[in-house]
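The file model.cif contains mmCIF, C-alpha atoms and all ligand atoms:
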data_run
#
loop_
_atom_site.label_atom_id
_atom_site.label_comp_id
_atom_site.auth_asym_id
_atom_site.auth_seq_id
_atom_site.Cartn_x
_atom_site.Cartn_y
_atom_site.Cartn_z
CA ILE A 1274 74.84 98.72 71.26
CA LEU A 1275 72.84 95.68 70.27
CA VAL A 1276 69.65 96.45 68.35
CA THR A 1277 67.06 93.96 67.15
CA ALA A 1278 64.60 94.80 64.40
CA GLY A 1279 61.86 93.45 62.21
CA PRO A 1280 59.48 90.54 62.51
CA THR A 1281 60.23 86.86 62.91
CA ARG A 1282 58.78 84.15 60.67
CA GLU A 1283 57.59 80.85 62.05
CA ALA A 1284 57.12 78.10 59.47
CA ILE A 1285 53.94 76.07 59.21
CA ASP A 1286 55.08 73.99 56.23
CA PRO A 1287 57.50 74.58 53.33
CA VAL A 1288 55.22 77.26 51.82
CA ARG A 1289 53.56 79.02 54.74
CA TYR A 1290 54.56 80.91 57.86
CA ILE A 1291 53.21 83.05 60.70
CA THR A 1292 54.52 86.58 61.05
CA ASN A 1293 53.39 90.15 61.88
CA HIS A 1294 53.33 93.60 60.28
CA SER A 1295 56.68 94.84 61.63
CA SER A 1296 58.65 96.73 58.96
CA GLY A 1297 61.86 96.95 60.99
CA LYS A 1298 62.00 100.74 60.48
CA MET A 1299 62.28 101.69 64.16
CA GLY A 1300 65.14 99.25 64.82
CA TYR A 1301 67.00 100.23 61.68
CA ALA A 1302 66.63 103.92 62.59
CA LEU A 1303 68.14 103.17 65.99
CA ALA A 1304 71.05 101.31 64.40
CA ARG A 1305 71.71 104.14 61.90
CA VAL A 1306 71.50 106.89 64.50
CA ALA A 1307 73.66 104.99 67.00
CA VAL A 1308 76.43 104.32 64.48
CA ALA A 1309 76.34 107.98 63.35
CA ARG A 1310 76.88 108.93 67.01
CA GLY A 1311 79.97 106.75 67.19
CA ALA A 1312 78.61 103.57 68.77
CA ASP A 1313 79.75 100.09 67.89
CA VAL A 1314 76.46 98.64 66.65
CA THR A 1315 75.23 95.10 66.06
CA LEU A 1316 71.85 94.69 64.38
CA VAL A 1317 70.09 91.35 64.72
CA THR A 1318 67.41 91.57 62.10
CA GLY A 1319 64.42 89.54 61.03
CA PRO A 1320 63.40 89.61 57.36
CA THR A 1321 62.85 93.22 56.19
CA GLU A 1322 62.94 95.20 52.95
CA ILE A 1323 65.19 97.92 54.37
CA LYS A 1324 68.66 98.73 53.09
CA LYS A 1325 71.27 97.44 55.53
CA PRO A 1326 73.08 100.32 57.28
CA MET A 1327 76.79 100.70 56.70
CA PHE A 1328 79.37 100.23 59.47
CA VAL A 1329 76.95 98.05 61.44
CA LYS A 1330 77.48 94.36 62.16
CA ILE A 1331 74.41 92.69 60.63
CA VAL A 1332 73.18 89.34 61.93
CA PRO A 1333 70.24 88.14 59.83
CA VAL A 1334 67.77 85.72 61.42
CA THR A 1335 64.37 84.32 60.50
CA THR A 1336 62.77 82.63 63.50
CA ALA A 1337 62.34 83.61 67.16
CA LYS A 1338 64.63 80.69 68.04
CA GLU A 1339 67.38 82.01 65.75
CA MET A 1340 66.94 85.51 67.17
CA PHE A 1341 67.22 84.11 70.70
CA GLU A 1342 70.49 82.32 69.89
CA ALA A 1343 71.96 85.37 68.10
CA VAL A 1344 70.95 87.80 70.84
CA LYS A 1345 72.35 85.61 73.61
CA GLU A 1346 75.70 85.59 71.83
CA GLU A 1347 75.77 89.26 70.81
CA ALA A 1348 74.46 90.62 74.13
CA ALA A 1349 77.52 89.31 75.97
CA ASP A 1350 79.51 92.47 75.19
CA ALA A 1351 76.70 95.01 74.73
CA ASP A 1352 76.40 98.01 77.05
CA ILE A 1353 72.94 98.79 75.70
CA VAL A 1354 70.31 96.46 74.22
CA CYS A 1355 67.35 97.93 72.30
CA LYS A 1356 64.87 95.21 71.41
CA ALA A 1357 62.73 96.79 68.73
CA ALA A 1358 62.02 93.45 67.01
CA ALA A 1359 58.46 92.15 66.97
CA VAL A 1360 59.21 88.59 68.02
CA ALA A 1361 56.56 85.92 67.55
CA ASP A 1362 55.18 84.88 70.93
CA TYR A 1363 54.03 81.50 69.54
CA ARG A 1364 55.18 79.16 66.78
CA PRO A 1365 53.61 76.06 65.23
CA LYS A 1366 54.37 73.07 67.45
CA HIS A 1367 55.04 70.85 64.44
CA ILE A 1368 56.44 72.06 61.10
CA ALA A 1369 55.12 69.85 58.31
CA ASP A 1370 57.82 68.47 56.00
CA GLU A 1371 55.46 68.56 53.04
CA LYS A 1372 52.93 71.16 51.97
CA VAL A 1373 49.72 70.79 53.96
CA LYS A 1374 46.88 70.06 51.53
CA LYS A 1375 43.42 71.49 52.05
CA SER A 1376 40.56 69.23 52.99
CA ASP A 1377 36.82 69.79 53.32
CA SER A 1378 36.95 70.19 57.10
CA GLU A 1379 38.18 73.04 59.28
CA MET A 1380 41.74 72.93 60.50
CA SER A 1381 43.55 74.21 63.55
CA LEU A 1382 47.20 74.82 64.30
CA GLU A 1383 48.77 73.82 67.57
CA LEU A 1384 51.10 76.58 68.77
CA GLU A 1385 53.82 76.54 71.41
CA LYS A 1386 55.43 79.49 73.18
CA THR A 1387 58.70 80.90 71.93
CA ASP A 1388 61.46 81.99 74.31
CA ASP A 1389 61.01 85.47 75.72
CA ILE A 1390 64.36 86.87 74.60
CA LEU A 1391 64.18 90.14 76.50
CA GLY A 1392 62.86 88.33 79.58
CA TYR A 1393 65.94 86.08 79.40
CA LEU A 1394 68.28 89.10 79.17
CA GLY A 1395 66.50 90.69 82.15
CA GLU A 1396 66.90 87.54 84.22
CA HIS A 1397 70.56 87.09 83.27
CA ARG A 1398 71.41 90.77 83.35
CA LEU A 1399 75.07 91.67 82.91
CA PRO A 1400 76.41 94.31 85.30
CA GLY A 1401 75.66 97.81 84.04
CA GLN A 1402 73.88 96.64 80.88
CA PHE A 1403 70.94 98.85 79.87
CA LEU A 1404 67.87 96.99 78.58
CA CYS A 1405 65.28 98.84 76.50
CA GLY A 1406 62.18 96.98 75.37
CA PHE A 1407 59.47 98.06 72.95
CA SER A 1408 55.80 97.66 73.44
CA MET A 1409 52.96 97.94 71.01
CA GLU A 1410 49.49 98.07 72.46
CA THR A 1411 45.96 98.76 71.30
CA GLN A 1412 44.62 99.50 74.80
CA ASN A 1413 45.90 100.39 78.30
CA MET A 1414 49.30 101.23 76.81
CA ILE A 1415 50.92 102.67 79.94
CA GLY A 1416 49.63 99.97 82.30
CA ASN A 1417 50.55 97.07 80.01
CA SER A 1418 53.94 98.54 79.17
CA ARG A 1419 54.78 99.28 82.80
CA ALA A 1420 53.90 95.66 83.58
CA LYS A 1421 56.45 94.57 80.94
CA LEU A 1422 59.06 96.86 82.51
CA GLY A 1423 58.66 95.03 85.82
CA LYS A 1424 58.12 91.50 84.55
CA LYS A 1425 61.11 91.52 82.21
CA HIS A 1426 63.36 93.55 84.59
CA LEU A 1427 63.94 96.34 82.04
CA ASP A 1428 65.35 99.85 82.41
CA MET A 1429 63.00 101.38 79.87
CA VAL A 1430 60.09 100.52 77.60
CA ALA A 1431 59.41 102.57 74.47
CA ALA A 1432 55.67 102.17 74.12
CA ASN A 1433 53.34 103.03 71.30
CA ASN A 1434 49.65 102.70 70.72
CA LEU A 1435 48.85 101.14 67.37
CA LYS A 1436 45.58 103.08 67.25
CA VAL A 1437 47.20 106.54 67.45
CA ALA A 1438 47.67 108.27 64.06
CA GLY A 1439 51.33 108.28 63.03
CA ALA A 1440 52.35 105.47 65.40
CA GLY A 1441 52.99 101.83 64.73
CA PHE A 1442 54.51 99.43 62.30
CA GLN A 1443 54.84 100.47 58.70
CA GLY A 1444 55.12 104.28 58.71
CA ASP A 1445 58.15 106.53 58.97
CA THR A 1446 56.88 108.25 62.13
CA ASN A 1447 56.15 107.20 65.68
CA VAL A 1448 54.41 108.53 68.79
CA LEU A 1449 56.29 107.04 71.73
CA THR A 1450 56.02 107.13 75.49
CA LEU A 1451 59.29 106.34 77.26
CA ILE A 1452 58.48 104.46 80.44
CA THR A 1453 61.07 104.07 83.19
CA GLN A 1454 60.87 103.21 86.87
CA ASP A 1455 60.50 106.90 87.74
CA GLU A 1456 58.45 108.47 84.96
CA ASP A 1457 56.48 108.32 81.73
CA VAL A 1458 57.71 110.75 79.07
CA SER A 1459 55.22 111.26 76.24
CA LEU A 1460 56.86 112.30 72.97
CA GLN A 1461 55.22 114.17 70.11
CA LEU A 1462 54.70 112.66 66.67
CA MET A 1463 58.15 112.54 65.05
CA SER A 1464 60.17 110.62 62.50
CA LYS A 1465 61.50 107.24 63.59
CA GLU A 1466 64.98 108.72 63.13
CA ASP A 1467 64.22 111.56 65.58
CA ALA A 1468 62.55 109.09 67.96
CA ALA A 1469 65.71 106.96 67.84
CA ASN A 1470 67.80 109.99 68.83
CA VAL A 1471 65.49 110.80 71.75
CA ILE A 1472 65.64 107.17 72.93
CA LEU A 1473 69.45 107.24 72.86
CA ASP A 1474 69.55 110.63 74.64
CA LYS A 1475 67.33 109.24 77.39
CA ILE A 1476 69.41 106.08 77.79
CA LEU A 1477 72.64 108.09 78.00
CA SER A 1478 71.19 110.51 80.54
CA ILE A 1479 69.98 107.64 82.76
CA GLN A 1480 73.39 105.98 82.50
CA LYS A 1481 75.12 109.26 83.40
CA GLU A 1482 72.87 109.64 86.47
CA ARG A 1483 73.70 106.10 87.56
CA GLU A 1484 77.43 106.68 87.18
CA LYS A 1485 77.14 109.65 89.56
CA GLN A 1486 75.47 107.52 92.27
N1 LIG A 1501 60.17 90.16 72.98
C1 LIG A 1501 61.21 89.25 73.08
N2 LIG A 1501 60.95 87.92 72.92
C2 LIG A 1501 59.70 87.47 72.66
C3 LIG A 1501 58.64 88.41 72.56
C4 LIG A 1501 58.93 89.75 72.72
O1 LIG A 1501 62.34 89.66 73.31
N3 LIG A 1501 59.48 86.18 72.51
C5 LIG A 1501 60.48 91.59 73.19
C6 LIG A 1501 60.22 92.46 72.00
O2 LIG A 1501 61.37 92.59 71.18
C7 LIG A 1501 59.84 93.78 72.66
C8 LIG A 1501 59.14 93.35 73.93
O3 LIG A 1501 59.64 92.05 74.22
O4 LIG A 1501 60.95 94.55 73.02
C9 LIG A 1501 57.65 93.24 73.79
O5 LIG A 1501 57.14 92.67 74.94
P1 LIG A 1501 56.01 91.55 74.93
O6 LIG A 1501 55.48 91.37 76.31
O7 LIG A 1501 56.46 90.29 74.32
O8 LIG A 1501 55.03 92.23 74.04
P2 LIG A 1501 53.99 91.53 73.26
O9 LIG A 1501 54.55 90.39 72.45
O10 LIG A 1501 53.29 92.61 72.53
O11 LIG A 1501 53.16 90.90 74.47
P3 LIG A 1501 51.63 90.87 74.56
O12 LIG A 1501 51.28 90.11 73.34
O13 LIG A 1501 51.37 90.18 75.84
O14 LIG A 1501 51.24 92.32 74.56
#
Just dump the structure as structure tokens.
Amino acid sequence: ILVTAGPTREAIDPVRYITNHSSGKMGYALARVAVARGADVTLVTGPTEIKKPMFVKIVPVTTAKEMFEAVKEEAADADIVCKAAAVADYRPKHIADEKVKKSDSEMSLELEKTDDILGYLGEHRLPGQFLCGFSMETQNMIGNSRAKLGKKHLDMVAANNLKVAGAGFQGDTNVLTLITQDEDVSLQLMSKEDAANVILDKILSIQKEREKQ
């Protein structure tokens, strides 16, 4: 299983960067739970404060570009990919070599799009590989997440609404809805560890169904 976790950091100059509030807890929980269940786990991780799990191959990255390169390499022999990382969608178009000094006027940053890593995996899907994306929304969670399922050619999206108590970035709990082609399964508030187990159960049951067909 290949798991990605945490935020990415996109440099503006040698002292500043753009990032997001991802703690990496959901991805690390998935990696821990998967290895405890006997999986061979690779964790591609952005910068986080979390203790690295044992018996997991850790690939540390900083930028979306680095995550893209690492994931392309590591996905080649993964049966399951869980992309819990909160990848920057945009990065500064130019990284200044020297610290940008303030002036009296306003300033703006020109941003360019990063590669959509999961979109790439969906387009270049390996036979039998299961792709699980994550989605964080503040409105129209099911509609937006279902659109991601289709657009990125995924098998499942684990969606959460940032505005629901107990869901989201920094906490130890989550309130997920597992969205697949056939159904939306709304889960109760639970620890990220328990949520990770439910996600893996769901993936394995879908895979088992497919093997029967
Ligand atoms: N993702 C990715 N590469 C990116 C951006 C996101 O692989 N450059 C993955 C994330 O790891 C996550 C899923 O895509 O699994 C999130 O989907 P996305 O459409 O990118 O969500 P948002 O970035 O939240 O998109 P939007 O801002 O449009 O809601």
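Using all atoms listed in the file, the residues found no farther than 12 Å from Gly1311 of chain A, other than those of its own chain fewer than 2 positions away, are Ile1274, Ala1304, Arg1305, Val1306, Ala1307, Val1308, Ala1309, Asp1313, Val1314, Phe1328, Val1329 and Leu1473 of chain A.
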I'd like a table as CSV: residues in chain A with an atom no more than 10 Å from ligand LIG 1501 (chain A), each row giving the shortest atom pair and its distance in Å to one decimal, all atoms listed in the file counted, sorted by chain and rising residue number.
residue,atom,partner,partner_atom,distance
A:Val1276,CA,A:LIG1501,O2,9.6
A:Thr1277,CA,A:LIG1501,O2,7.1
A:Ala1278,CA,A:LIG1501,O2,7.8
A:Gly1279,CA,A:LIG1501,O2,9.0
A:Pro1280,CA,A:LIG1501,O2,9.1
A:Thr1281,CA,A:LIG1501,N3,9.7
A:Gly1300,CA,A:LIG1501,O2,10.0
A:Ala1337,CA,A:LIG1501,N3,6.6
A:Lys1338,CA,A:LIG1501,N3,8.8
A:Met1340,CA,A:LIG1501,N2,8.6
A:Phe1341,CA,A:LIG1501,N2,7.7
A:Val1344,CA,A:LIG1501,O1,9.1
A:Val1354,CA,A:LIG1501,O4,9.6
A:Cys1355,CA,A:LIG1501,O4,7.3
A:Lys1356,CA,A:LIG1501,O4,4.3
A:Ala1357,CA,A:LIG1501,O2,5.0
A:Ala1358,CA,A:LIG1501,O2,4.3
A:Ala1359,CA,A:LIG1501,O2,5.1
A:Val1360,CA,A:LIG1501,C3,4.6
A:Ala1361,CA,A:LIG1501,N3,5.8
A:Asp1362,CA,A:LIG1501,N3,4.8
A:Tyr1363,CA,A:LIG1501,N3,7.8
A:Lys1386,CA,A:LIG1501,N3,7.8
A:Thr1387,CA,A:LIG1501,N3,5.4
A:Asp1388,CA,A:LIG1501,N3,5.0
A:Asp1389,CA,A:LIG1501,N3,3.6
A:Ile1390,CA,A:LIG1501,O1,3.7
A:Leu1391,CA,A:LIG1501,O1,3.7
A:Gly1392,CA,A:LIG1501,O1,6.4
A:Tyr1393,CA,A:LIG1501,O1,7.9
A:Leu1394,CA,A:LIG1501,O1,8.4
A:Gly1395,CA,A:LIG1501,O1,9.8
A:Leu1404,CA,A:LIG1501,O4,9.2
A:Cys1405,CA,A:LIG1501,O4,7.0
A:Gly1406,CA,A:LIG1501,O4,3.6
A:Phe1407,CA,A:LIG1501,O4,3.8
A:Ser1408,CA,A:LIG1501,C9,4.8
A:Met1409,CA,A:LIG1501,O10,5.6
A:Glu1410,CA,A:LIG1501,O14,6.4
A:Thr1411,CA,A:LIG1501,O14,8.9
A:Gln1412,CA,A:LIG1501,O14,9.8
A:Met1414,CA,A:LIG1501,O14,9.4
A:Asn1417,CA,A:LIG1501,O14,7.3
A:Ser1418,CA,A:LIG1501,O6,7.9
A:Ala1420,CA,A:LIG1501,O6,8.6
A:Lys1421,CA,A:LIG1501,O6,5.7
A:Leu1422,CA,A:LIG1501,O5,8.9
A:Lys1424,CA,A:LIG1501,O6,8.7
A:Lys1425,CA,A:LIG1501,O3,8.1
A:Leu1427,CA,A:LIG1501,O4,9.7
A:Met1429,CA,A:LIG1501,O4,9.9
A:Val1430,CA,A:LIG1501,O4,7.6
A:Ala1431,CA,A:LIG1501,O4,8.3
A:Ala1432,CA,A:LIG1501,C9,9.2
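Taking all atoms listed in the file into account, Asn1470 of chain A lies nearest to A:Leu1303 out of the set A:Pro1287, A:Ala1369, A:Leu1303, A:Lys1298.
The shortest atom-to-atom distance to Ala1348 of chain A, with only C-alpha atoms taken into account, belongs to A:Leu1275 out of A:Val1288, A:Leu1275, A:Ile1331, A:Leu1382.
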#### Entry: Radius query 6 Å about (57.8, 104.7, 62.4), atoms used: all atoms listed in the file, as number ranges by chain
A: 1299, 1444-1447, 1465
### Task
Determine the nearest neighbour of Arg1398 of chain A from the options A:Glu1385, A:His1294, A:Asp1350, A:Gln1443, counting only C-alpha atoms.
A:Asp1350
### Message
I'd like the neighbourhood of segment 1374-1377 of chain A as number ranges by chain, where a residue qualifies if any of its atoms comes within 12 Å (using all atoms listed in the file), though same-chain residues fewer than 2 positions away should be ignored.
### Response
A: 1286-1289, 1369-1372, 1379-1381
Write the residues of the preceding selection, restricted to C-alpha atoms, as a PDB file, keeping the file's coordinate frame.
ATOM      1  CA  ASP A1286      55.080  73.990  56.230  1.00  0.00           C
ATOM      2  CA  PRO A1287      57.500  74.580  53.330  1.00  0.00           C
ATOM      3  CA  VAL A1288      55.220  77.260  51.820  1.00  0.00           C
ATOM      4  CA  ARG A1289      53.560  79.020  54.740  1.00  0.00           C
ATOM      5  CA  ALA A1369      55.120  69.850  58.310  1.00  0.00           C
ATOM      6  CA  ASP A1370      57.820  68.470  56.000  1.00  0.00           C
ATOM      7  CA  GLU A1371      55.460  68.560  53.040  1.00  0.00           C
ATOM      8  CA  LYS A1372      52.930  71.160  51.970  1.00  0.00           C
ATOM      9  CA  GLU A1379      38.180  73.040  59.280  1.00  0.00           C
ATOM     10  CA  MET A1380      41.740  72.930  60.500  1.00  0.00           C
ATOM     11  CA  SER A1381      43.550  74.210  63.550  1.00  0.00           C
TER      12      SER A1381
END
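Rounded to one decimal, atom CA of Val1334 of chain A and atom CA of Thr1318 of chain A lie 5.9 Å from each other.
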### Query
Hey, can you check how far atom CA of Lys1330 of chain A sits from atom CA of Thr1315 of chain A?
4.6 Å
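Across the structure, atom CA of Ile1452 of chain A and atom CA of Gly1423 of chain A are spaced 10.9 Å apart.
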At a cut-off of 10 Å around the point (51.2, 110.8, 63.8) (file coordinates), what residues fall inside when counting all atoms listed in the file? I'd like the answer as a PDB file with C-alpha atoms, in the frame of the given file.
ATOM      1  CA  VAL A1437      47.200 106.540  67.450  1.00  0.00           C
ATOM      2  CA  ALA A1438      47.670 108.270  64.060  1.00  0.00           C
ATOM      3  CA  GLY A1439      51.330 108.280  63.030  1.00  0.00           C
ATOM      4  CA  ALA A1440      52.350 105.470  65.400  1.00  0.00           C
ATOM      5  CA  GLY A1441      52.990 101.830  64.730  1.00  0.00           C
ATOM      6  CA  GLY A1444      55.120 104.280  58.710  1.00  0.00           C
ATOM      7  CA  ASP A1445      58.150 106.530  58.970  1.00  0.00           C
ATOM      8  CA  THR A1446      56.880 108.250  62.130  1.00  0.00           C
ATOM      9  CA  ASN A1447      56.150 107.200  65.680  1.00  0.00           C
ATOM     10  CA  VAL A1448      54.410 108.530  68.790  1.00  0.00           C
ATOM     11  CA  GLN A1461      55.220 114.170  70.110  1.00  0.00           C
ATOM     12  CA  LEU A1462      54.700 112.660  66.670  1.00  0.00           C
ATOM     13  CA  MET A1463      58.150 112.540  65.050  1.00  0.00           C
ATOM     14  CA  SER A1464      60.170 110.620  62.500  1.00  0.00           C
TER      15      SER A1464
END
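Of the listed residues A:Ser1459, A:Gln1402, A:Gln1486, A:Gln1480, the one whose atoms come nearest to Ala1351 of chain A is A:Gln1402, with distances taken using only C-alpha atoms.
Each of A:Lys1366, A:Val1317, A:Ser1295, A:Ala1469 was compared to Glu1346 of chain A using all atoms listed in the file, and A:Val1317 turns out to be the nearest.
Nearest-residue note for Val1373 of chain A: choosing from A:Glu1339, A:Tyr1290, A:Pro1400, A:Ile1415, the minimum distance belongs to A:Tyr1290, counting all atoms listed in the file.
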### Query
What's the 7 Å shell around Ile1291 of chain A, counting all atoms listed in the file, without same-chain residues fewer than 5 positions away, as a count of residues only?
3
